[in-house]
file final_19.cif (mmCIF, C-alpha atoms)
data_final
#
loop_
_atom_site.label_atom_id
_atom_site.label_comp_id
_atom_site.auth_asym_id
_atom_site.auth_seq_id
_atom_site.Cartn_x
_atom_site.Cartn_y
_atom_site.Cartn_z
CA MET A 31 128.39 9.21 90.45
CA VAL A 32 128.83 8.46 94.13
CA VAL A 33 128.21 10.76 97.09
CA ARG A 34 129.37 10.15 100.63
CA VAL A 35 127.06 11.11 103.50
CA ARG A 36 127.21 10.75 107.26
CA VAL A 37 124.22 9.19 109.00
CA ARG A 38 123.62 9.85 112.70
CA ASN A 39 121.74 7.45 114.93
CA ALA A 40 119.33 9.71 116.86
CA GLU A 41 119.02 7.18 119.68
CA THR A 42 122.74 6.78 120.42
CA GLY A 43 124.47 9.70 118.72
CA ALA A 44 126.68 7.25 116.79
CA THR A 45 127.52 8.08 113.19
CA VAL A 46 128.49 6.07 110.15
CA ASP A 47 129.60 7.18 106.68
CA MET A 48 127.79 5.76 103.71
CA GLU A 49 128.57 5.83 99.99
CA LEU A 50 125.47 6.31 97.90
CA GLU A 51 124.74 6.01 94.21
CA MET A 52 122.33 8.50 92.67
CA GLU A 53 119.82 5.65 92.19
CA ASN A 54 119.82 4.63 95.85
CA THR A 55 116.61 5.37 97.75
CA VAL A 56 115.94 6.65 101.24
CA GLU A 57 114.53 3.23 102.11
CA GLU A 58 117.85 1.68 101.17
CA ILE A 59 119.66 4.13 103.45
CA ILE A 60 117.31 3.19 106.31
CA GLU A 61 117.83 -0.51 105.69
CA GLY A 62 121.60 -0.12 105.39
CA VAL A 63 122.13 1.77 108.63
CA SER A 64 119.48 -0.26 110.54
CA ALA A 65 121.35 -3.42 109.65
CA TYR A 66 124.72 -1.84 110.51
CA TRP A 67 123.49 -0.75 113.94
CA GLU A 68 121.46 -3.95 114.40
CA LYS A 69 118.36 -1.90 115.16
CA ASP A 70 115.29 -3.57 116.63
CA PRO A 71 112.51 -4.22 114.13
CA GLY A 72 110.51 -1.02 114.04
CA ALA A 73 109.64 1.99 111.95
CA TYR A 74 112.34 4.53 111.17
CA VAL A 75 112.52 7.74 109.15
CA ILE A 76 115.40 9.84 107.86
CA ARG A 77 115.64 13.58 108.27
CA LYS A 78 117.77 16.00 106.29
CA GLY A 79 117.88 19.27 108.18
CA ARG A 80 114.29 20.17 109.01
CA ARG A 81 112.80 17.86 106.36
CA LEU A 82 111.67 14.28 106.60
CA LEU A 83 112.63 12.31 103.52
CA ARG A 84 110.14 10.02 101.80
CA GLY A 85 111.14 6.38 101.47
CA GLN A 86 111.04 6.18 97.70
CA GLN A 87 112.97 9.38 97.06
CA LYS A 88 116.22 8.78 95.22
CA VAL A 89 119.51 10.33 96.20
CA GLN A 90 119.54 12.36 92.98
CA GLU A 91 116.32 14.10 94.08
CA LEU A 92 117.61 14.99 97.54
CA GLU A 93 120.22 17.59 96.59
CA ILE A 94 122.63 16.02 99.05
CA GLN A 95 126.03 17.67 99.38
CA ALA A 96 129.15 15.57 99.96
CA ASN A 97 129.58 14.71 103.66
CA GLU A 98 126.17 16.11 104.52
CA GLU A 99 124.63 14.64 107.66
CA LEU A 100 121.35 12.74 107.70
CA GLU A 101 119.69 11.42 110.86
CA LEU A 102 117.91 8.13 111.47
CA ILE A 103 114.94 8.69 113.82
CA PRO A 104 112.62 6.06 115.30
CA ASP A 105 109.00 6.65 114.24
CA PRO A 106 106.99 5.71 117.35
CA GLU A 107 103.83 3.71 116.74
CA GLY A 108 102.73 2.84 120.30
CA GLY A 109 100.30 4.65 122.53
CA ASN A 110 97.19 2.56 123.14
CA ARG A 111 98.45 -0.03 125.63
CA MET B 703 70.40 49.84 131.04
CA ALA B 704 73.91 48.97 132.30
CA GLU B 705 75.00 45.32 132.53
CA LEU B 706 74.71 43.82 136.01
CA ILE B 707 77.78 42.07 137.44
CA ARG B 708 78.61 40.45 140.79
CA PRO B 709 81.97 40.23 142.60
CA GLY B 710 83.74 36.94 141.87
CA GLU B 711 81.29 35.81 139.20
CA ARG B 712 84.05 35.16 136.68
CA ASP B 713 85.45 32.47 138.95
CA GLU B 714 82.17 30.58 138.57
CA ASP B 715 82.89 30.01 134.87
CA ARG B 716 85.06 26.89 134.73
CA HIS B 717 86.64 27.99 131.44
CA ASP B 718 87.21 31.65 132.32
CA ARG B 719 91.01 31.46 132.25
CA THR B 720 91.11 29.49 129.00
CA ARG B 721 88.80 32.08 127.42
CA LEU B 722 91.54 34.65 128.02
CA VAL B 723 93.57 33.05 125.21
CA PRO B 724 92.51 35.49 122.50
CA TRP B 725 92.59 33.26 119.43
CA VAL B 726 90.71 30.24 120.80
CA ASP B 727 87.31 29.95 119.11
CA PHE B 728 85.31 28.79 122.11
CA GLY B 729 82.05 28.62 120.20
CA ARG B 730 83.66 26.13 117.81
CA ILE B 731 85.28 24.17 120.65
CA ASP B 732 81.91 23.96 122.42
CA SER B 733 80.02 22.71 119.36
CA ALA B 734 82.71 20.53 117.72
CA LYS B 735 82.10 16.79 117.52
CA VAL B 736 85.35 14.95 118.23
CA LEU B 737 86.20 11.28 117.75
CA VAL B 738 88.99 9.83 119.88
CA VAL B 739 90.14 6.50 118.45
CA GLY B 740 91.80 4.43 121.14
CA ALA B 741 91.02 4.67 124.86
CA GLY B 742 94.37 3.48 126.17
CA ALA B 743 97.28 5.61 127.34
CA LEU B 744 97.09 8.41 124.77
CA GLY B 745 93.28 8.20 124.62
CA ASN B 746 92.94 8.67 128.41
CA GLU B 747 95.12 11.77 128.33
CA ALA B 748 93.48 13.17 125.22
CA VAL B 749 89.95 12.77 126.61
CA LYS B 750 91.01 14.31 129.93
CA ASP B 751 92.48 17.32 128.10
CA LEU B 752 89.50 17.67 125.76
CA ALA B 753 87.07 17.60 128.69
CA LEU B 754 89.05 20.13 130.71
CA PHE B 755 89.59 22.40 127.72
CA GLY B 756 85.85 22.80 127.15
CA PHE B 757 84.94 20.33 124.40
CA HIS B 758 81.42 19.00 124.95
CA HIS B 759 80.77 16.39 122.26
CA LEU B 760 83.06 13.36 122.22
CA ASP B 761 82.86 9.81 120.91
CA VAL B 762 85.50 7.36 122.17
CA LEU B 763 86.20 4.13 120.30
CA ASP B 764 88.09 1.11 121.58
CA MET B 765 87.58 -2.65 121.46
CA ASP B 766 89.77 -3.58 124.45
CA SER B 767 89.30 -4.02 128.17
CA VAL B 768 91.62 -2.81 130.92
CA VAL B 769 94.59 -4.80 132.20
CA ARG B 770 96.42 -3.85 135.38
CA SER B 771 99.57 -2.75 133.53
CA ASN B 772 97.52 0.05 131.91
CA LEU B 773 97.13 1.78 135.28
CA SER B 774 100.59 3.40 135.22
CA ARG B 775 99.62 5.54 132.24
CA CYS B 776 95.84 5.90 132.25
CA VAL B 777 94.58 8.73 134.44
CA LEU B 778 90.92 7.72 134.02
CA PHE B 779 91.29 4.05 135.01
CA ARG B 780 91.16 2.80 138.61
CA GLU B 781 92.36 -0.24 140.50
CA GLY B 782 89.64 -2.83 140.01
CA ASP B 783 88.63 -1.68 136.51
CA GLN B 784 90.46 -4.71 135.12
CA SER B 785 87.83 -6.98 136.69
CA SER B 786 84.81 -4.72 136.14
CA GLY B 787 83.84 -6.31 132.84
CA LYS B 788 83.60 -2.85 131.28
CA GLY B 789 85.51 -1.89 128.17
CA LYS B 790 88.13 0.86 128.04
CA ALA B 791 85.86 3.13 125.99
CA SER B 792 82.98 2.87 128.49
CA LEU B 793 85.24 3.53 131.45
CA VAL B 794 86.84 6.54 129.78
CA ALA B 795 83.39 7.95 128.94
CA GLU B 796 82.15 7.38 132.49
CA ARG B 797 85.16 9.05 134.14
CA ALA B 798 85.23 11.92 131.64
CA ARG B 799 81.67 12.82 132.70
CA GLU B 800 82.98 13.15 136.26
CA LEU B 801 85.43 15.78 134.99
CA ASP B 802 82.61 17.78 133.37
CA PRO B 803 78.99 16.75 133.90
CA GLU B 804 78.00 18.79 130.83
CA LEU B 805 80.19 16.64 128.61
CA GLN B 806 78.24 14.51 126.12
CA VAL B 807 80.50 11.52 125.59
CA THR B 808 79.58 8.26 123.91
CA ALA B 809 81.57 5.05 124.15
CA ILE B 810 81.85 2.93 121.02
CA GLU B 811 83.03 -0.58 121.85
CA GLY B 812 84.27 -1.69 118.48
CA ARG B 813 87.01 -2.01 115.94
CA VAL B 814 88.67 0.84 114.09
CA GLN B 815 87.81 -0.94 110.84
CA SER B 816 84.09 -0.48 111.57
CA LEU B 817 84.50 3.21 110.68
CA GLY B 818 84.44 4.23 107.03
CA PRO B 819 84.41 7.68 105.44
CA GLU B 820 80.64 8.07 105.90
CA GLU B 821 80.92 7.54 109.67
CA MET B 822 83.91 9.86 109.84
CA LYS B 823 82.04 12.69 108.11
CA ARG B 824 80.01 13.06 111.33
CA TYR B 825 83.03 14.50 113.08
CA ASP B 826 84.76 17.87 112.97
CA ILE B 827 88.09 16.37 113.97
CA ILE B 828 89.52 12.94 114.80
CA LEU B 829 92.35 12.12 117.21
CA GLY B 830 94.27 8.89 116.58
CA CYS B 831 95.52 7.39 119.86
CA LEU B 832 96.47 4.01 118.42
CA ASP B 833 99.25 1.49 118.75
CA ASN B 834 99.73 -0.05 115.33
CA VAL B 835 100.36 0.84 111.72
CA THR B 836 97.33 -1.06 110.40
CA ALA B 837 94.81 0.95 112.41
CA ARG B 838 96.64 4.19 111.62
CA LEU B 839 96.54 3.53 107.88
CA HIS B 840 92.79 2.82 108.10
CA MET B 841 92.03 6.01 110.02
CA ASN B 842 94.37 8.10 107.89
CA ALA B 843 92.89 6.99 104.57
CA ASN B 844 89.23 7.18 105.62
CA ALA B 845 89.54 10.51 107.41
CA TYR B 846 91.38 11.89 104.38
CA HIS B 847 88.60 10.81 102.04
CA ALA B 848 85.99 12.17 104.43
CA ARG B 849 87.98 15.46 104.44
CA VAL B 850 88.08 15.44 108.23
CA PRO B 851 91.27 16.66 109.95
CA TYR B 852 93.12 13.79 111.64
CA VAL B 853 95.70 14.32 114.38
CA ASP B 854 97.75 11.19 115.05
CA GLY B 855 99.97 10.55 118.07
CA GLY B 856 102.47 7.79 118.75
CA THR B 857 104.90 6.96 121.55
CA ASP B 858 107.76 4.59 122.23
CA GLY B 859 109.38 4.99 125.63
CA PHE B 860 110.57 8.59 125.93
CA ARG B 861 110.05 9.28 122.23
CA GLY B 862 106.89 10.46 120.56
CA ARG B 863 105.46 11.95 117.43
CA VAL B 864 102.42 13.97 116.40
CA GLN B 865 101.25 14.52 112.83
CA ALA B 866 98.38 16.80 111.88
CA VAL B 867 96.70 15.86 108.61
CA VAL B 868 94.40 18.55 107.23
CA PRO B 869 92.90 17.43 103.92
CA PRO B 870 93.41 18.36 101.19
CA MET B 871 96.34 20.66 101.97
CA THR B 872 98.82 18.57 103.91
CA PRO B 873 100.68 15.30 103.45
CA CYS B 874 99.05 12.33 105.18
CA LEU B 875 100.51 9.60 107.38
CA GLN B 876 101.06 7.29 104.43
CA CYS B 877 103.16 9.95 102.65
CA GLY B 878 105.76 9.59 105.42
CA MET B 879 105.78 5.80 105.65
CA ASN B 880 108.42 3.56 104.12
CA ARG B 881 109.33 -0.13 103.97
CA SER B 882 110.25 -0.19 107.67
CA HIS B 883 106.61 0.61 108.52
CA PHE B 884 105.27 -2.01 106.14
CA ARG B 885 107.68 -4.64 107.53
CA ILE B 886 105.89 -4.19 110.85
CA LEU B 887 102.63 -4.99 109.07
CA GLU B 888 104.19 -8.11 107.62
CA ARG B 889 105.38 -9.23 111.06
CA ARG B 890 102.01 -8.43 112.60
CA PHE B 891 100.17 -10.62 110.11
CA SER B 892 102.88 -13.04 109.02
CA CYS B 893 101.58 -16.16 107.32
CA THR B 894 103.19 -19.42 108.41
CA GLY B 895 101.52 -21.41 105.67
CA GLN B 896 99.11 -23.02 108.13
CA ASP B 897 97.62 -20.01 109.80
CA THR B 898 98.17 -16.30 110.44
CA VAL B 899 100.47 -15.32 113.28
CA PHE B 900 99.33 -12.22 115.12
CA TYR B 901 102.43 -10.44 116.40
CA GLN B 902 101.91 -7.69 118.98
CA PRO B 903 105.20 -6.59 120.53
CA LYS B 904 105.26 -5.11 124.06
CA ARG B 905 106.63 -1.59 123.74
CA ALA B 906 108.18 0.66 126.34
CA ALA B 907 105.63 3.22 127.52
CA GLU B 908 105.51 5.75 130.35
CA ILE B 909 103.21 8.52 131.45
CA THR B 910 105.33 11.66 130.94
CA THR B 911 105.78 11.16 127.20
CA THR B 912 102.17 9.96 126.89
CA SER B 913 100.95 13.18 128.55
CA ILE B 914 103.04 15.41 126.32
CA ILE B 915 102.07 13.73 123.05
CA ALA B 916 98.34 13.65 123.88
CA ALA B 917 98.48 17.29 124.98
CA VAL B 918 100.04 18.29 121.66
CA GLN B 919 97.32 16.34 119.82
CA VAL B 920 94.58 18.21 121.69
CA ARG B 921 96.34 21.54 121.19
CA GLU B 922 96.56 20.90 117.44
CA ALA B 923 92.82 20.10 117.47
CA VAL B 924 92.15 23.43 119.21
CA LYS B 925 94.30 25.27 116.65
CA ILE B 926 92.68 23.62 113.65
CA LEU B 927 89.14 24.21 114.94
CA SER B 928 90.02 27.83 115.78
CA GLY B 929 91.20 28.44 112.23
CA ARG B 930 94.91 28.55 112.97
CA PRO B 931 97.47 26.59 110.94
CA ALA B 932 98.45 23.21 112.33
CA ILE B 933 102.07 22.12 112.73
CA SER B 934 103.80 21.57 109.38
CA HIS B 935 103.90 18.60 109.46
CA VAL B 936 105.33 16.13 111.98
CA MET B 937 106.53 16.86 115.52
CA HIS B 938 109.17 14.48 116.82
CA TYR B 939 109.74 14.55 120.57
CA ASP B 940 112.82 13.22 122.36
CA GLY B 941 112.16 13.16 126.09
CA VAL B 942 115.71 12.15 127.03
CA ALA B 943 117.25 15.09 125.19
CA GLY B 944 114.30 17.30 126.19
CA THR B 945 113.79 18.44 122.62
CA SER B 946 110.99 18.55 120.10
CA GLU B 947 111.22 19.52 116.47
CA VAL B 948 108.63 20.03 113.77
CA LEU B 949 109.84 18.51 110.51
CA ALA B 950 108.40 19.22 107.09
CA LEU B 951 107.18 16.42 104.85
CA ASP B 952 106.20 16.51 101.17
CA ILE B 953 103.05 14.98 99.73
CA ASP B 954 104.08 11.69 98.13
CA PRO B 955 103.03 11.86 94.46
CA GLY B 956 102.51 8.09 94.60
CA CYS B 957 100.34 8.15 97.73
CA PRO B 958 96.96 6.57 96.90
CA ASN B 959 95.10 8.89 99.27
CA HIS B 960 96.11 12.02 97.38
CA ALA B 961 95.61 10.43 93.97
CA LEU B 962 92.05 9.40 94.91
CA ALA B 963 91.32 12.78 96.48
CA LYS B 964 92.22 14.46 93.18
CA LEU B 965 89.78 12.22 91.31
CA SER B 966 86.88 12.78 93.71
#
call {"tool": "encode", "arguments": {"input": "final_19.cif", "output": "structure tokens"}}
result
Amino acid sequence: MVVRVRVRNAETGATVDMELEMENTVEEIIEGVSAYWEKDPGAYVIRKGRRLLRGQQKVQELEIQANEELELIPDPEGGNR
Amino acid sequence: MAELIRPGERDEDRHDRTRLVPWVDFGRIDSAKVLVVGAGALGNEAVKDLALFGFHHLDVLDMDSVVRSNLSRCVLFREGDQSSGKGKASLVAERARELDPELQVTAIEGRVQSLGPEEMKRYDIILGCLDNVTARLHMNANAYHARVPYVDGGTDGFRGRVQAVVPPMTPCLQCGMNRSHFRILERRFSCTGQDTVFYQPKRAAEITTTSIIAAVQVREAVKILSGRPAISHVMHYDGVAGTSEVLALDIDPGCPNHALAKLS
């Protein structure tokens, strides 16, 4: 089974649609959209509504509805320079 | 016999206005021992806020010295500090005492990795003001095992995040990390076959986001020490949009910190 979702780039507002298998993981979503948007190397997380998704969670665990929107957010790691 | 008061005496108490916040446990704030890890941009702001809020027992850890480009974000550093020969931690401690002479603040010039769970048990709360995943993972794991609340802050340009980890109830930093975080570790310590390449990227940083993130860290420390619930669980701040949101995170059943905590 395949589910289509929309992923929003929190930094630019751009969106892209993505087809996901139930076995796909959140990490694979991050890698897919980071490569598509040619993101700088850095840490990113995905949110679904008011929840942050864990990297190893599979699509089948996420209760994603068709065309639901996820958001890719940078996870800042600076602060001591 | 009736209590004796004088006109204007309340204005002699430097914390009088803060004491008007009804839920703040000032006795706890006054006695709490706080460790601030990192005396750079976030660490400067955090120590300033802790000192002004009424904390009196701080340790500040950092291994670095000041460079001139720190001065745009570090309220406690001065022109000339970069050639003083003093470390960031010592300078922060020295200047924090100027903010409140009653403040007992100790500088620890050393590496994050020098602190294990036994050292962390000395503290009531720890603030992480760091700039890399490696140091964060070390503090997160050791504070978790020491059962000491850990409030971590991070910035990148006009974006920031704060996560409050209160063992054993909440998810920890590692629960929210994924391969993109660990790729940074690989780049930081990438092996060329001949030696190890230490990769430290220069990140965008500015004072307004630094101030906000450090302030939220200190406020979470005040809440936790006063017995109020901390944010659940991660605050993401977007300074360009002018928004902040607190996002929930689940404990990762595969996270080694939680698995070990169950065993101990």
call {"tool": "closest_atom_pairs", "arguments": {"input": "final_19.cif", "of": "chain B", "to": "chain A", "cutoff": "6 Å", "atoms": "only C-alpha atoms", "output": "Markdown table"}}
result
| residue | atom | partner | partner_atom | distance |
| --- | --- | --- | --- | --- |
| B:Gly742 | CA | A:Asn110 | CA | 4.2 |
| B:Ala743 | CA | A:Asn110 | CA | 5.2 |
| B:Leu744 | CA | A:Gly109 | CA | 5.4 |
| B:Leu832 | CA | A:Asn110 | CA | 5.0 |
| B:Asp833 | CA | A:Gly108 | CA | 4.0 |
| B:Asn834 | CA | A:Glu107 | CA | 5.7 |
| B:Gly856 | CA | A:Glu107 | CA | 4.7 |
| B:Thr857 | CA | A:Gly108 | CA | 4.8 |
| B:Asp858 | CA | A:Pro106 | CA | 5.1 |
| B:Gly862 | CA | A:Pro106 | CA | 5.7 |
| B:Gly878 | CA | A:Arg84 | CA | 5.7 |
| B:Asn880 | CA | A:Gly85 | CA | 4.7 |
| B:Ser882 | CA | A:Ala73 | CA | 4.8 |
| B:His883 | CA | A:Ala73 | CA | 4.8 |
| B:Leu949 | CA | A:Arg80 | CA | 5.0 |
| B:Ala950 | CA | A:Arg81 | CA | 4.7 |
| B:Leu951 | CA | A:Leu82 | CA | 5.3 |
call {"tool": "residues_around", "arguments": {"input": "final_19.cif", "residues": "range 935-946 of chain B", "least_positions_apart": "6", "cutoff": "7 Å", "atoms": "all atoms listed in the file", "output": "list in words"}}
result
Phe860, Arg861, Gly862, Arg863, Val864, Gln865, Ala866 and Thr911 of chain B
call {"tool": "atom_distance", "arguments": {"input": "final_19.cif", "atom1": "CA of Gly956 in chain B", "atom2": "CA of Ala843 in chain B"}}
result
13.9 Å
call {"tool": "closest_atom_pairs", "arguments": {"input": "final_19.cif", "of": "range 834-948 of chain B", "to": "range 806-822 of chain B", "cutoff": "7 Å", "atoms": "all atoms listed in the file", "output": "JSON lines"}}
result
{"residue": "B:Ala837", "atom": "CA", "partner": "B:Val814", "partner_atom": "CA", "distance": 6.4}
{"residue": "B:His840", "atom": "CA", "partner": "B:Gln815", "partner_atom": "CA", "distance": 6.8}
{"residue": "B:Asn844", "atom": "CA", "partner": "B:Pro819", "partner_atom": "CA", "distance": 4.8}
{"residue": "B:Ala845", "atom": "CA", "partner": "B:Met822", "partner_atom": "CA", "distance": 6.2}
{"residue": "B:His847", "atom": "CA", "partner": "B:Pro819", "partner_atom": "CA", "distance": 6.2}
{"residue": "B:Ala848", "atom": "CA", "partner": "B:Pro819", "partner_atom": "CA", "distance": 4.9}
call {"tool": "residues_around", "arguments": {"input": "final_19.cif", "residues": "range 795-803 of chain B", "least_positions_apart": "4", "cutoff": "8 Å", "atoms": "all atoms listed in the file", "output": "list of chain:residue names"}}
result
B:Val749, B:Lys750, B:Ala753, B:Leu754, B:Val762, B:Leu778, B:Phe779, B:Ala791, B:Val807, B:Thr808, B:Ala809
call {"tool": "atom_distance", "arguments": {"input": "final_19.cif", "atom1": "CA of Cys776 in chain B", "atom2": "CA of Thr836 in chain B"}}
result
23.0 Å
call {"tool": "closest_residue", "arguments": {"input": "final_19.cif", "among": "B:Ala748, B:Cys874, B:Leu805, B:Ser934", "to": "Val918 in chain B", "atoms": "only C-alpha atoms"}}
result
B:Ala748
call {"tool": "residues_around", "arguments": {"input": "final_19.cif", "residues": "Tyr66 in chain A", "least_positions_apart": "3", "cutoff": "12 Å", "atoms": "only C-alpha atoms", "output": "list in words"}}
result
Val37, Arg38, Asn39, Ala44, Thr45, Val46, Asp47, Met48, Ile59, Ile60, Glu61, Gly62, Val63, Lys69 and Asp70 of chain A
call {"tool": "atom_distance", "arguments": {"input": "final_19.cif", "atom1": "CA of Ile926 in chain B", "atom2": "CA of Asp715 in chain B"}}
result
24.2 Å
call {"tool": "residues_around", "arguments": {"input": "final_19.cif", "residues": "Arg921 in chain B", "least_positions_apart": "3", "cutoff": "10 Å", "atoms": "only C-alpha atoms", "output": "PyMOL selection string"}}
result
chain B and resi 748+751-752+755+853+915-918+924-927+932
call {"tool": "axis_aligned_box", "arguments": {"input": "final_19.cif", "around": "range 77-91 of chain A", "padding_each_side": "8 Å", "output": "AutoDock Vina command-line options"}}
result
--center_x 114.8 --center_y 13.2 --center_z 101.0 --size_x 25.4 --size_y 30.0 --size_z 32.0
call {"tool": "residues_around", "arguments": {"input": "final_19.cif", "residues": "Tyr852 in chain B", "least_positions_apart": "5", "cutoff": "9 Å", "atoms": "all atoms listed in the file", "output": "ChimeraX atom specification"}}
result
/B:827-830,841-842,845-846,865-869,874,923
call {"tool": "resolve_selection", "arguments": {"input": "final_19.cif", "expression": "the PyMOL selection byres ((chain B and resi 782) around 12)", "output": "mmCIF file with C-alpha atoms, in the coordinates of the input"}}
result
data_model
loop_
_atom_site.group_PDB
_atom_site.id
_atom_site.type_symbol
_atom_site.label_atom_id
_atom_site.label_comp_id
_atom_site.auth_asym_id
_atom_site.auth_seq_id
_atom_site.Cartn_x
_atom_site.Cartn_y
_atom_site.Cartn_z
ATOM 1 C CA SER B 767 89.300 -4.020 128.170
ATOM 2 C CA VAL B 768 91.620 -2.810 130.920
ATOM 3 C CA VAL B 769 94.590 -4.800 132.200
ATOM 4 C CA ARG B 770 96.420 -3.850 135.380
ATOM 5 C CA SER B 771 99.570 -2.750 133.530
ATOM 6 C CA ASN B 772 97.520 0.050 131.910
ATOM 7 C CA LEU B 773 97.130 1.780 135.280
ATOM 8 C CA PHE B 779 91.290 4.050 135.010
ATOM 9 C CA ARG B 780 91.160 2.800 138.610
ATOM 10 C CA GLU B 781 92.360 -0.240 140.500
ATOM 11 C CA ASP B 783 88.630 -1.680 136.510
ATOM 12 C CA GLN B 784 90.460 -4.710 135.120
ATOM 13 C CA SER B 785 87.830 -6.980 136.690
ATOM 14 C CA SER B 786 84.810 -4.720 136.140
ATOM 15 C CA GLY B 787 83.840 -6.310 132.840
ATOM 16 C CA LYS B 788 83.600 -2.850 131.280
ATOM 17 C CA LEU B 793 85.240 3.530 131.450
#
call {"tool": "closest_residue", "arguments": {"input": "final_19.cif", "among": "B:Ala741, B:Arg881, B:Val920, B:Pro873", "to": "Thr55 in chain A", "atoms": "only C-alpha atoms"}}
result
B:Arg881
call {"tool": "resolve_selection", "arguments": {"input": "final_19.cif", "expression": "the PyMOL selection byres ((chain A and resi 33) around 7)", "output": "ChimeraX atom specification"}}
result
/A:31-32,34-35,49-51,96
